[in-house]
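Asker: Mind looking over this structure? Questions follow.
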Amino acid sequence: PSIQKKSRVIPLGVTNAPIVPDINPGAREQAFLSVGAVKPRKGTLQVLRALELVVKEYPAAKWYIAGAKPNNEYVRTVELEIQSRNLQKNVIWLNQISQQELESYYQKVRGLVMPSMNFNGHFEGFGLVHLEANSHGVPSIGSFDCGNEDAIKHGESGFLTPQGDVLELAHAMLKLLRSDSEWVRMSKAALAFARKMT
């Protein structure tokens with residue numbers, strides 16, 4: 001006899017962006033955005049180390065960090081690495097910003113980068129911020145082995161990279177900078193993916 005399904009998964013969803021995204025890559029900076037508190041689980045140090053590799057090819061590349069910046073050892077480590085890697089001009093701390101300001105940054109970047117890390121028993125449950133970026137036509141970069149796998153369609157709405165693999169993370173970031181036509185394809189796919197996940 002056939003077995004009838006008694007349950008189905010209804011994932012989290014995202015509201016459509018309030019303004020129509022501009023998918024003209026020429027109108028965007030060679031820039032990335034992270035949204036959320038700066039802490040080990042968000043992969044902040046991994047992004048910084050990947051950015052150093054990206055900057056070798058794109059010296060003007062920027063990384064905007066929007067979110068709480070606690071006064072703790074991890075943030076101090078990030079700040080020290082920014083200095084030691086000479087990335088002071090490339091990393092812009094936005095701290096906590098309004099939703100309206102956040103909308104403006106989604107309109108200027110080429111990608112969201114949030115490579116979640118499983119840390120001390122904690123892990124990313126879903127990664128709703130990836131869908132939020134997609135709703136603005138922004139492809140997103142996350143990581144395998146956590147909830148990012150449900151929030152990113154690898155190779156379409158963004159990229160998934162192995163946790164802690166800085167080289168693969170840098171490659172994913174570079175893919176969003178190197179080809180305008182490929183970025184437009186992914187931007188459209190990201191937008192379509194988010195609109196299916198309302």
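Each chain in the structure tokens gets a letter, A, B, ..., in the order shown, and its residues are numbered from 1; ligands are numbered from 1 in order too.
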Using only C-alpha atoms, which protein or nucleic acid residues come within 10 Å of Gly125 in chain A? Drop anything in the same chain fewer than 6 positions from it, and give the result as a list in words.

Answerer: Ser116, Cys146, Gly147, Asn148, Glu149, Asp150 and Ala151 of chain A

Asker: Identify, on the basis of only C-alpha atoms, every residue whose closest approach to Asn24 in chain A does not exceed 10 Å; exclude the query and any residue fewer than 5 positions from it along the same chain; express the result as a PyMOL selection string.

Answerer: chain A and resi 180-181+183-184+187

Asker: Please indicate the distance in Å from CA of Gln99 in chain A to CA of Val47 in chain A, rounded to one decimal place.

Answerer: 23.1 Å

Asker: Skip Asn134 in chain A itself and residues of its chain fewer than 5 positions away, then list as a list in words all residues within 7 Å of it, counting only C-alpha atoms.

Answerer: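 My list of contacting residues is Pro139, Ser140, Ser157, Ala190, Leu191 and Ala194 of chain A.
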
Asker: Produce a file of the selected residues containing N, CA, C and O atoms, as a compact mmCIF listing (two decimals), in the first residue's frame.

Answerer:
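The resulting result16.txt:
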# COMPACT_ATOMS: atom_id res chain seq x y z
N PRO A 139 23.05 38.20 -5.17
CA PRO A 139 23.45 36.82 -4.90
C PRO A 139 24.15 36.73 -3.54
O PRO A 139 24.75 37.71 -3.07
N SER A 140 24.07 35.55 -2.93
CA SER A 140 24.55 35.41 -1.56
C SER A 140 25.52 34.25 -1.43
O SER A 140 25.38 33.23 -2.10
N SER A 157 21.20 31.12 -6.94
CA SER A 157 20.95 32.31 -6.13
C SER A 157 22.20 32.77 -5.37
O SER A 157 22.19 33.81 -4.73
N ALA A 190 18.50 34.89 -8.28
CA ALA A 190 18.33 35.16 -6.86
C ALA A 190 16.98 35.81 -6.60
O ALA A 190 16.26 35.44 -5.66
N LEU A 191 16.62 36.74 -7.45
CA LEU A 191 15.35 37.43 -7.30
C LEU A 191 14.19 36.45 -7.47
O LEU A 191 13.23 36.43 -6.68
N ALA A 194 13.95 34.14 -4.35
CA ALA A 194 13.34 34.81 -3.19
C ALA A 194 11.84 34.96 -3.37
O ALA A 194 11.08 34.83 -2.42

Asker: Give me, please, the distance in Å between CA of Val109 in chain A and CA of Ser179 in chain A, quoted to one decimal.

Answerer: 14.5 Å

Asker: Residues near Leu167 in chain A, anyone? I mean within 9 Å using only C-alpha atoms, not counting same-chain ones fewer than 3 positions away, as number ranges by chain.

Answerer: A: 49-50, 53, 164, 170-172

Asker: Which one of A:Leu94, A:Leu80, A:Met186, A:Leu12 sits closest to Leu128 in chain A if you count only C-alpha atoms?

Answerer: A:Leu12

Asker: Please return as a JSON list (two decimals) with N, CA, C and O atoms, in the first residue's frame: the residues of chain A that backbone DSSP assigns to helix (DSSP H, G or I).

Answerer:
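Listed below is the output, part_1.json:
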[["chain", "number", "residue", "atom", "x", "y", "z"],
["A", 25, "PRO", "N", 24.92, 45.73, -13.34],
["A", 25, "PRO", "CA", 26.15, 45.59, -12.55],
["A", 25, "PRO", "C", 27.02, 46.84, -12.59],
["A", 25, "PRO", "O", 27.78, 47.11, -11.66],
["A", 26, "GLY", "N", 26.92, 47.64, -13.66],
["A", 26, "GLY", "CA", 27.71, 48.85, -13.76],
["A", 26, "GLY", "C", 27.33, 49.90, -12.73],
["A", 26, "GLY", "O", 28.10, 50.80, -12.43],
["A", 27, "ALA", "N", 26.11, 49.76, -12.17],
["A", 27, "ALA", "CA", 25.65, 50.71, -11.16],
["A", 27, "ALA", "C", 26.06, 50.28, -9.75],
["A", 27, "ALA", "O", 25.77, 50.98, -8.78],
["A", 40, "PRO", "N", 32.01, 34.75, 15.97],
["A", 40, "PRO", "CA", 32.61, 33.61, 15.26],
["A", 40, "PRO", "C", 31.62, 32.84, 14.40],
["A", 40, "PRO", "O", 31.96, 32.41, 13.29],
["A", 41, "ARG", "N", 30.39, 32.66, 14.84],
["A", 41, "ARG", "CA", 29.41, 31.86, 14.10],
["A", 41, "ARG", "C", 29.04, 32.47, 12.76],
["A", 41, "ARG", "O", 28.57, 31.79, 11.85],
["A", 42, "LYS", "N", 29.29, 33.77, 12.59],
["A", 42, "LYS", "CA", 28.96, 34.45, 11.33],
["A", 42, "LYS", "C", 30.12, 34.42, 10.33],
["A", 42, "LYS", "O", 30.00, 34.92, 9.22],
["A", 44, "THR", "N", 33.08, 35.98, 10.35],
["A", 44, "THR", "CA", 33.66, 37.29, 10.05],
["A", 44, "THR", "C", 35.14, 37.20, 9.72],
["A", 44, "THR", "O", 35.60, 37.80, 8.73],
["A", 45, "LEU", "N", 35.91, 36.46, 10.50],
["A", 45, "LEU", "CA", 37.34, 36.34, 10.23],
["A", 45, "LEU", "C", 37.60, 35.65, 8.90],
["A", 45, "LEU", "O", 38.54, 36.01, 8.17],
["A", 46, "GLN", "N", 36.77, 34.67, 8.56],
["A", 46, "GLN", "CA", 36.95, 33.96, 7.29],
["A", 46, "GLN", "C", 36.71, 34.91, 6.11],
["A", 46, "GLN", "O", 37.44, 34.86, 5.11],
["A", 47, "VAL", "N", 35.71, 35.77, 6.22],
["A", 47, "VAL", "CA", 35.45, 36.75, 5.16],
["A", 47, "VAL", "C", 36.63, 37.70, 5.02],
["A", 47, "VAL", "O", 37.08, 38.01, 3.92],
["A", 48, "LEU", "N", 37.15, 38.16, 6.14],
["A", 48, "LEU", "CA", 38.29, 39.08, 6.12],
["A", 48, "LEU", "C", 39.49, 38.46, 5.40],
["A", 48, "LEU", "O", 40.13, 39.10, 4.56],
["A", 49, "ARG", "N", 39.77, 37.20, 5.71],
["A", 49, "ARG", "CA", 40.93, 36.53, 5.11],
["A", 49, "ARG", "C", 40.70, 36.29, 3.62],
["A", 49, "ARG", "O", 41.63, 36.35, 2.82],
["A", 50, "ALA", "N", 39.44, 36.01, 3.25],
["A", 50, "ALA", "CA", 39.12, 35.85, 1.83],
["A", 50, "ALA", "C", 39.22, 37.19, 1.11],
["A", 50, "ALA", "O", 39.68, 37.26, -0.04],
["A", 51, "LEU", "N", 38.80, 38.25, 1.78],
["A", 51, "LEU", "CA", 38.85, 39.59, 1.18],
["A", 51, "LEU", "C", 40.29, 39.96, 0.81],
["A", 51, "LEU", "O", 40.52, 40.58, -0.23],
["A", 52, "GLU", "N", 41.24, 39.56, 1.64],
["A", 52, "GLU", "CA", 42.65, 39.85, 1.33],
["A", 52, "GLU", "C", 43.03, 39.26, -0.03],
["A", 52, "GLU", "O", 43.75, 39.90, -0.81],
["A", 53, "LEU", "N", 42.53, 38.08, -0.34],
["A", 53, "LEU", "CA", 42.81, 37.45, -1.63],
["A", 53, "LEU", "C", 42.07, 38.16, -2.76],
["A", 53, "LEU", "O", 42.60, 38.34, -3.85],
["A", 54, "VAL", "N", 40.84, 38.60, -2.49],
["A", 54, "VAL", "CA", 40.06, 39.32, -3.50],
["A", 54, "VAL", "C", 40.72, 40.64, -3.86],
["A", 54, "VAL", "O", 40.80, 41.03, -5.02],
["A", 55, "VAL", "N", 41.25, 41.33, -2.85],
["A", 55, "VAL", "CA", 41.86, 42.64, -3.05],
["A", 55, "VAL", "C", 43.12, 42.57, -3.93],
["A", 55, "VAL", "O", 43.47, 43.54, -4.59],
["A", 56, "LYS", "N", 43.75, 41.42, -3.97],
["A", 56, "LYS", "CA", 44.92, 41.27, -4.86],
["A", 56, "LYS", "C", 44.53, 41.44, -6.31],
["A", 56, "LYS", "O", 45.32, 41.92, -7.12],
["A", 57, "GLU", "N", 43.30, 41.06, -6.64],
["A", 57, "GLU", "CA", 42.81, 41.20, -8.01],
["A", 57, "GLU", "C", 41.98, 42.47, -8.19],
["A", 57, "GLU", "O", 41.99, 43.08, -9.25],
["A", 73, "GLU", "N", 36.79, 40.14, 22.63],
["A", 73, "GLU", "CA", 38.08, 39.65, 22.11],
["A", 73, "GLU", "C", 37.99, 39.32, 20.62],
["A", 73, "GLU", "O", 38.94, 39.56, 19.86],
["A", 74, "TYR", "N", 36.86, 38.77, 20.20],
["A", 74, "TYR", "CA", 36.73, 38.40, 18.79],
["A", 74, "TYR", "C", 36.78, 39.63, 17.89],
["A", 74, "TYR", "O", 37.48, 39.65, 16.88],
["A", 75, "VAL", "N", 36.05, 40.66, 18.24],
["A", 75, "VAL", "CA", 36.05, 41.90, 17.45],
["A", 75, "VAL", "C", 37.44, 42.52, 17.45],
["A", 75, "VAL", "O", 37.92, 43.00, 16.41],
["A", 76, "ARG", "N", 38.11, 42.48, 18.59],
["A", 76, "ARG", "CA", 39.48, 43.03, 18.64],
["A", 76, "ARG", "C", 40.41, 42.22, 17.73],
["A", 76, "ARG", "O", 41.28, 42.79, 17.06],
["A", 77, "THR", "N", 40.22, 40.92, 17.66],
["A", 77, "THR", "CA", 41.02, 40.09, 16.76],
["A", 77, "THR", "C", 40.76, 40.48, 15.31],
["A", 77, "THR", "O", 41.69, 40.58, 14.50],
["A", 78, "VAL", "N", 39.48, 40.69, 14.97],
["A", 78, "VAL", "CA", 39.13, 41.12, 13.61],
["A", 78, "VAL", "C", 39.81, 42.45, 13.29],
["A", 78, "VAL", "O", 40.41, 42.62, 12.22],
["A", 79, "GLU", "N", 39.74, 43.40, 14.22],
["A", 79, "GLU", "CA", 40.33, 44.72, 13.98],
["A", 79, "GLU", "C", 41.85, 44.63, 13.80],
["A", 79, "GLU", "O", 42.43, 45.31, 12.95],
["A", 80, "LEU", "N", 42.49, 43.79, 14.60],
["A", 80, "LEU", "CA", 43.94, 43.62, 14.48],
["A", 80, "LEU", "C", 44.31, 43.01, 13.13],
["A", 80, "LEU", "O", 45.29, 43.40, 12.50],
["A", 81, "GLU", "N", 43.50, 42.04, 12.68],
["A", 81, "GLU", "CA", 43.78, 41.42, 11.38],
["A", 81, "GLU", "C", 43.54, 42.39, 10.23],
["A", 81, "GLU", "O", 44.23, 42.33, 9.21],
["A", 82, "ILE", "N", 42.58, 43.27, 10.37],
["A", 82, "ILE", "CA", 42.35, 44.29, 9.33],
["A", 82, "ILE", "C", 43.62, 45.13, 9.17],
["A", 82, "ILE", "O", 44.07, 45.40, 8.05],
["A", 83, "GLN", "N", 44.22, 45.50, 10.29],
["A", 83, "GLN", "CA", 45.44, 46.31, 10.25],
["A", 83, "GLN", "C", 46.62, 45.51, 9.72],
["A", 83, "GLN", "O", 47.37, 45.99, 8.87],
["A", 84, "SER", "N", 46.78, 44.29, 10.22],
["A", 84, "SER", "CA", 47.95, 43.51, 9.82],
["A", 84, "SER", "C", 47.90, 43.12, 8.34],
["A", 84, "SER", "O", 48.93, 42.93, 7.70],
["A", 99, "GLN", "N", 16.68, 50.20, 8.67],
["A", 99, "GLN", "CA", 16.26, 49.39, 7.54],
["A", 99, "GLN", "C", 16.38, 50.16, 6.23],
["A", 99, "GLN", "O", 16.77, 49.61, 5.20],
["A", 100, "GLN", "N", 16.08, 51.44, 6.28],
["A", 100, "GLN", "CA", 16.20, 52.28, 5.07],
["A", 100, "GLN", "C", 17.65, 52.35, 4.60],
["A", 100, "GLN", "O", 17.92, 52.26, 3.39],
["A", 101, "GLU", "N", 18.58, 52.52, 5.53],
["A", 101, "GLU", "CA", 20.01, 52.54, 5.16],
["A", 101, "GLU", "C", 20.43, 51.19, 4.60],
["A", 101, "GLU", "O", 21.17, 51.12, 3.62],
["A", 102, "LEU", "N", 19.93, 50.12, 5.22],
["A", 102, "LEU", "CA", 20.28, 48.78, 4.75],
["A", 102, "LEU", "C", 19.81, 48.58, 3.31],
["A", 102, "LEU", "O", 20.53, 48.02, 2.48],
["A", 103, "GLU", "N", 18.61, 49.08, 3.00],
["A", 103, "GLU", "CA", 18.10, 48.97, 1.63],
["A", 103, "GLU", "C", 19.07, 49.63, 0.64],
["A", 103, "GLU", "O", 19.31, 49.10, -0.45],
["A", 104, "SER", "N", 19.64, 50.75, 1.02],
["A", 104, "SER", "CA", 20.55, 51.46, 0.11],
["A", 104, "SER", "C", 21.82, 50.66, -0.13],
["A", 104, "SER", "O", 22.38, 50.68, -1.23],
["A", 105, "TYR", "N", 22.29, 49.92, 0.89],
["A", 105, "TYR", "CA", 23.49, 49.10, 0.69],
["A", 105, "TYR", "C", 23.19, 47.88, -0.17],
["A", 105, "TYR", "O", 24.04, 47.46, -0.95],
["A", 106, "TYR", "N", 22.00, 47.33, -0.05],
["A", 106, "TYR", "CA", 21.63, 46.21, -0.92],
["A", 106, "TYR", "C", 21.62, 46.65, -2.39],
["A", 106, "TYR", "O", 21.80, 45.83, -3.28],
["A", 128, "LEU", "N", 18.10, 33.47, 7.08],
["A", 128, "LEU", "CA", 17.10, 34.27, 6.38],
["A", 128, "LEU", "C", 17.71, 35.46, 5.65],
["A", 128, "LEU", "O", 17.19, 35.92, 4.64],
["A", 129, "VAL", "N", 18.84, 35.96, 6.15],
["A", 129, "VAL", "CA", 19.47, 37.12, 5.53],
["A", 129, "VAL", "C", 19.89, 36.84, 4.08],
["A", 129, "VAL", "O", 19.92, 37.74, 3.25],
["A", 130, "HIS", "N", 20.16, 35.57, 3.76],
["A", 130, "HIS", "CA", 20.49, 35.21, 2.39],
["A", 130, "HIS", "C", 19.30, 35.45, 1.46],
["A", 130, "HIS", "O", 19.45, 35.98, 0.36],
["A", 131, "LEU", "N", 18.12, 35.08, 1.93],
["A", 131, "LEU", "CA", 16.91, 35.33, 1.14],
["A", 131, "LEU", "C", 16.61, 36.81, 1.04],
["A", 131, "LEU", "O", 16.15, 37.30, 0.01],
["A", 132, "GLU", "N", 16.88, 37.55, 2.11],
["A", 132, "GLU", "CA", 16.65, 38.99, 2.08],
["A", 132, "GLU", "C", 17.53, 39.63, 1.01],
["A", 132, "GLU", "O", 17.06, 40.48, 0.25],
["A", 133, "ALA", "N", 18.78, 39.21, 0.94],
["A", 133, "ALA", "CA", 19.67, 39.72, -0.11],
["A", 133, "ALA", "C", 19.14, 39.36, -1.48],
["A", 133, "ALA", "O", 19.09, 40.21, -2.39],
["A", 134, "ASN", "N", 18.71, 38.12, -1.65],
["A", 134, "ASN", "CA", 18.16, 37.67, -2.93],
["A", 134, "ASN", "C", 16.96, 38.50, -3.35],
["A", 134, "ASN", "O", 16.76, 38.77, -4.53],
["A", 148, "ASN", "N", 22.21, 27.33, 5.89],
["A", 148, "ASN", "CA", 22.45, 28.05, 4.63],
["A", 148, "ASN", "C", 22.05, 27.20, 3.42],
["A", 148, "ASN", "O", 21.68, 27.72, 2.37],
["A", 149, "GLU", "N", 22.13, 25.88, 3.57],
["A", 149, "GLU", "CA", 21.83, 24.98, 2.46],
["A", 149, "GLU", "C", 20.37, 25.09, 2.03],
["A", 149, "GLU", "O", 20.03, 24.80, 0.87],
["A", 150, "ASP", "N", 19.48, 25.50, 2.94],
["A", 150, "ASP", "CA", 18.07, 25.69, 2.60],
["A", 150, "ASP", "C", 17.79, 27.09, 2.10],
["A", 150, "ASP", "O", 16.75, 27.34, 1.48],
["A", 151, "ALA", "N", 18.70, 28.03, 2.36],
["A", 151, "ALA", "CA", 18.47, 29.43, 2.01],
["A", 151, "ALA", "C", 19.20, 29.86, 0.75],
["A", 151, "ALA", "O", 18.96, 30.96, 0.24],
["A", 166, "VAL", "N", 38.87, 29.34, 3.28],
["A", 166, "VAL", "CA", 39.05, 30.74, 2.86],
["A", 166, "VAL", "C", 39.27, 30.84, 1.36],
["A", 166, "VAL", "O", 38.76, 31.76, 0.70],
["A", 167, "LEU", "N", 40.01, 29.91, 0.79],
["A", 167, "LEU", "CA", 40.30, 29.94, -0.64],
["A", 167, "LEU", "C", 39.01, 29.79, -1.46],
["A", 167, "LEU", "O", 38.79, 30.54, -2.42],
["A", 168, "GLU", "N", 38.17, 28.84, -1.10],
["A", 168, "GLU", "CA", 36.91, 28.65, -1.81],
["A", 168, "GLU", "C", 35.99, 29.85, -1.62],
["A", 168, "GLU", "O", 35.25, 30.24, -2.53],
["A", 169, "LEU", "N", 36.02, 30.43, -0.44],
["A", 169, "LEU", "CA", 35.22, 31.62, -0.18],
["A", 169, "LEU", "C", 35.68, 32.77, -1.07],
["A", 169, "LEU", "O", 34.85, 33.47, -1.68],
["A", 170, "ALA", "N", 36.98, 32.96, -1.19],
["A", 170, "ALA", "CA", 37.52, 34.01, -2.07],
["A", 170, "ALA", "C", 37.13, 33.75, -3.52],
["A", 170, "ALA", "O", 36.76, 34.68, -4.25],
["A", 171, "HIS", "N", 37.19, 32.49, -3.96],
["A", 171, "HIS", "CA", 36.80, 32.15, -5.33],
["A", 171, "HIS", "C", 35.34, 32.51, -5.58],
["A", 171, "HIS", "O", 35.00, 33.04, -6.65],
["A", 172, "ALA", "N", 34.48, 32.23, -4.62],
["A", 172, "ALA", "CA", 33.06, 32.56, -4.77],
["A", 172, "ALA", "C", 32.87, 34.07, -4.87],
["A", 172, "ALA", "O", 32.08, 34.56, -5.70],
["A", 173, "MET", "N", 33.58, 34.82, -4.05],
["A", 173, "MET", "CA", 33.48, 36.28, -4.09],
["A", 173, "MET", "C", 33.96, 36.82, -5.44],
["A", 173, "MET", "O", 33.33, 37.69, -6.04],
["A", 174, "LEU", "N", 35.06, 36.26, -5.92],
["A", 174, "LEU", "CA", 35.61, 36.71, -7.21],
["A", 174, "LEU", "C", 34.66, 36.40, -8.36],
["A", 174, "LEU", "O", 34.56, 37.18, -9.31],
["A", 175, "LYS", "N", 33.94, 35.30, -8.28],
["A", 175, "LYS", "CA", 32.98, 34.97, -9.34],
["A", 175, "LYS", "C", 31.91, 36.04, -9.47],
["A", 175, "LYS", "O", 31.39, 36.28, -10.57],
["A", 176, "LEU", "N", 31.57, 36.69, -8.36],
["A", 176, "LEU", "CA", 30.55, 37.74, -8.40],
["A", 176, "LEU", "C", 31.11, 39.08, -8.90],
["A", 176, "LEU", "O", 30.35, 40.02, -9.13],
["A", 177, "LEU", "N", 32.42, 39.16, -9.07],
["A", 177, "LEU", "CA", 33.05, 40.39, -9.55],
["A", 177, "LEU", "C", 33.54, 40.29, -10.99],
["A", 177, "LEU", "O", 33.54, 41.28, -11.73],
["A", 178, "ARG", "N", 33.97, 39.11, -11.41],
["A", 178, "ARG", "CA", 34.68, 38.99, -12.67],
["A", 178, "ARG", "C", 33.81, 39.15, -13.91],
["A", 178, "ARG", "O", 34.23, 39.75, -14.89],
["A", 180, "ASP", "N", 30.27, 40.40, -15.59],
["A", 180, "ASP", "CA", 29.00, 41.13, -15.46],
["A", 180, "ASP", "C", 27.83, 40.28, -15.93],
["A", 180, "ASP", "O", 26.76, 40.27, -15.32],
["A", 181, "SER", "N", 28.01, 39.54, -17.03],
["A", 181, "SER", "CA", 26.90, 38.75, -17.57],
["A", 181, "SER", "C", 26.51, 37.63, -16.61],
["A", 181, "SER", "O", 25.33, 37.33, -16.43],
["A", 182, "GLU", "N", 27.51, 37.01, -15.98],
["A", 182, "GLU", "CA", 27.23, 35.95, -15.01],
["A", 182, "GLU", "C", 26.57, 36.52, -13.77],
["A", 182, "GLU", "O", 25.66, 35.91, -13.19],
["A", 183, "TRP", "N", 27.00, 37.72, -13.37],
["A", 183, "TRP", "CA", 26.37, 38.35, -12.20],
["A", 183, "TRP", "C", 24.90, 38.66, -12.51],
["A", 183, "TRP", "O", 24.04, 38.43, -11.66],
["A", 184, "VAL", "N", 24.61, 39.17, -13.69],
["A", 184, "VAL", "CA", 23.22, 39.47, -14.05],
["A", 184, "VAL", "C", 22.38, 38.19, -14.03],
["A", 184, "VAL", "O", 21.26, 38.18, -13.52],
["A", 185, "ARG", "N", 22.93, 37.10, -14.56],
["A", 185, "ARG", "CA", 22.20, 35.82, -14.54],
["A", 185, "ARG", "C", 21.87, 35.41, -13.11],
["A", 185, "ARG", "O", 20.74, 35.03, -12.80],
["A", 186, "MET", "N", 22.87, 35.51, -12.23],
["A", 186, "MET", "CA", 22.65, 35.10, -10.84],
["A", 186, "MET", "C", 21.74, 36.07, -10.11],
["A", 186, "MET", "O", 20.94, 35.66, -9.26],
["A", 187, "SER", "N", 21.83, 37.35, -10.43],
["A", 187, "SER", "CA", 20.96, 38.33, -9.80],
["A", 187, "SER", "C", 19.50, 38.04, -10.12],
["A", 187, "SER", "O", 18.63, 38.05, -9.24],
["A", 188, "LYS", "N", 19.23, 37.73, -11.37],
["A", 188, "LYS", "CA", 17.86, 37.39, -11.78],
["A", 188, "LYS", "C", 17.40, 36.10, -11.12],
["A", 188, "LYS", "O", 16.25, 35.99, -10.67],
["A", 189, "ALA", "N", 18.29, 35.12, -11.05],
["A", 189, "ALA", "CA", 17.95, 33.85, -10.41],
["A", 189, "ALA", "C", 17.70, 34.03, -8.91],
["A", 189, "ALA", "O", 16.80, 33.40, -8.35],
["A", 190, "ALA", "N", 18.50, 34.89, -8.28],
["A", 190, "ALA", "CA", 18.33, 35.16, -6.86],
["A", 190, "ALA", "C", 16.98, 35.81, -6.60],
["A", 190, "ALA", "O", 16.26, 35.44, -5.66],
["A", 191, "LEU", "N", 16.62, 36.74, -7.45],
["A", 191, "LEU", "CA", 15.35, 37.43, -7.30],
["A", 191, "LEU", "C", 14.19, 36.45, -7.47],
["A", 191, "LEU", "O", 13.23, 36.43, -6.68],
["A", 192, "ALA", "N", 14.29, 35.58, -8.47],
["A", 192, "ALA", "CA", 13.24, 34.59, -8.71],
["A", 192, "ALA", "C", 13.13, 33.61, -7.55],
["A", 192, "ALA", "O", 12.03, 33.24, -7.12],
["A", 193, "PHE", "N", 14.30, 33.20, -6.98],
["A", 193, "PHE", "CA", 14.31, 32.27, -5.87],
["A", 193, "PHE", "C", 13.62, 32.89, -4.65],
["A", 193, "PHE", "O", 12.79, 32.24, -3.99],
["A", 194, "ALA", "N", 13.95, 34.14, -4.35],
["A", 194, "ALA", "CA", 13.34, 34.81, -3.19],
["A", 194, "ALA", "C", 11.84, 34.96, -3.37],
["A", 194, "ALA", "O", 11.08, 34.83, -2.42],
["A", 195, "ARG", "N", 11.40, 35.22, -4.60],
["A", 195, "ARG", "CA", 9.97, 35.42, -4.84],
["A", 195, "ARG", "C", 9.18, 34.12, -4.74],
["A", 195, "ARG", "O", 7.95, 34.15, -4.64]]

Asker: Looking only at the backbone, which of the residues in range 88-136 of chain A does DSSP tag as strand (DSSP E), as a PDB file with N, CA, C and O atoms, in the first residue's frame?

Answerer:
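In the end it all went to result-v8.pdb:
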ATOM      1  N   VAL A  91      37.594  47.654   4.390  1.00  0.00           N
ATOM      2  CA  VAL A  91      36.570  47.212   5.341  1.00  0.00           C
ATOM      3  C   VAL A  91      35.886  48.425   5.944  1.00  0.00           C
ATOM      4  O   VAL A  91      36.547  49.297   6.522  1.00  0.00           O
ATOM      5  N   ILE A  92      34.566  48.491   5.814  1.00  0.00           N
ATOM      6  CA  ILE A  92      33.799  49.616   6.339  1.00  0.00           C
ATOM      7  C   ILE A  92      32.817  49.109   7.376  1.00  0.00           C
ATOM      8  O   ILE A  92      31.891  48.359   7.067  1.00  0.00           O
ATOM      9  N   TRP A  93      33.046  49.515   8.619  1.00  0.00           N
ATOM     10  CA  TRP A  93      32.126  49.150   9.710  1.00  0.00           C
ATOM     11  C   TRP A  93      30.918  50.086   9.654  1.00  0.00           C
ATOM     12  O   TRP A  93      31.069  51.303   9.792  1.00  0.00           O
ATOM     13  N   LEU A  94      29.755  49.562   9.464  1.00  0.00           N
ATOM     14  CA  LEU A  94      28.536  50.386   9.469  1.00  0.00           C
ATOM     15  C   LEU A  94      27.873  50.372  10.837  1.00  0.00           C
ATOM     16  O   LEU A  94      27.042  51.229  11.123  1.00  0.00           O
ATOM     17  N   ASN A  95      28.220  49.379  11.666  1.00  0.00           N
ATOM     18  CA  ASN A  95      27.547  49.145  12.940  1.00  0.00           C
ATOM     19  C   ASN A  95      26.053  48.919  12.682  1.00  0.00           C
ATOM     20  O   ASN A  95      25.662  48.516  11.593  1.00  0.00           O
ATOM     21  N   GLY A 111      27.333  41.320  -3.780  1.00  0.00           N
ATOM     22  CA  GLY A 111      27.016  40.081  -3.087  1.00  0.00           C
ATOM     23  C   GLY A 111      26.923  40.255  -1.586  1.00  0.00           C
ATOM     24  O   GLY A 111      27.532  41.154  -1.010  1.00  0.00           O
ATOM     25  N   LEU A 112      26.129  39.383  -0.977  1.00  0.00           N
ATOM     26  CA  LEU A 112      26.117  39.243   0.480  1.00  0.00           C
ATOM     27  C   LEU A 112      27.074  38.104   0.801  1.00  0.00           C
ATOM     28  O   LEU A 112      27.091  37.099   0.091  1.00  0.00           O
ATOM     29  N   VAL A 113      27.854  38.238   1.859  1.00  0.00           N
ATOM     30  CA  VAL A 113      28.767  37.158   2.228  1.00  0.00           C
ATOM     31  C   VAL A 113      28.640  36.892   3.729  1.00  0.00           C
ATOM     32  O   VAL A 113      28.952  37.745   4.551  1.00  0.00           O
TER      33      VAL A 113
END
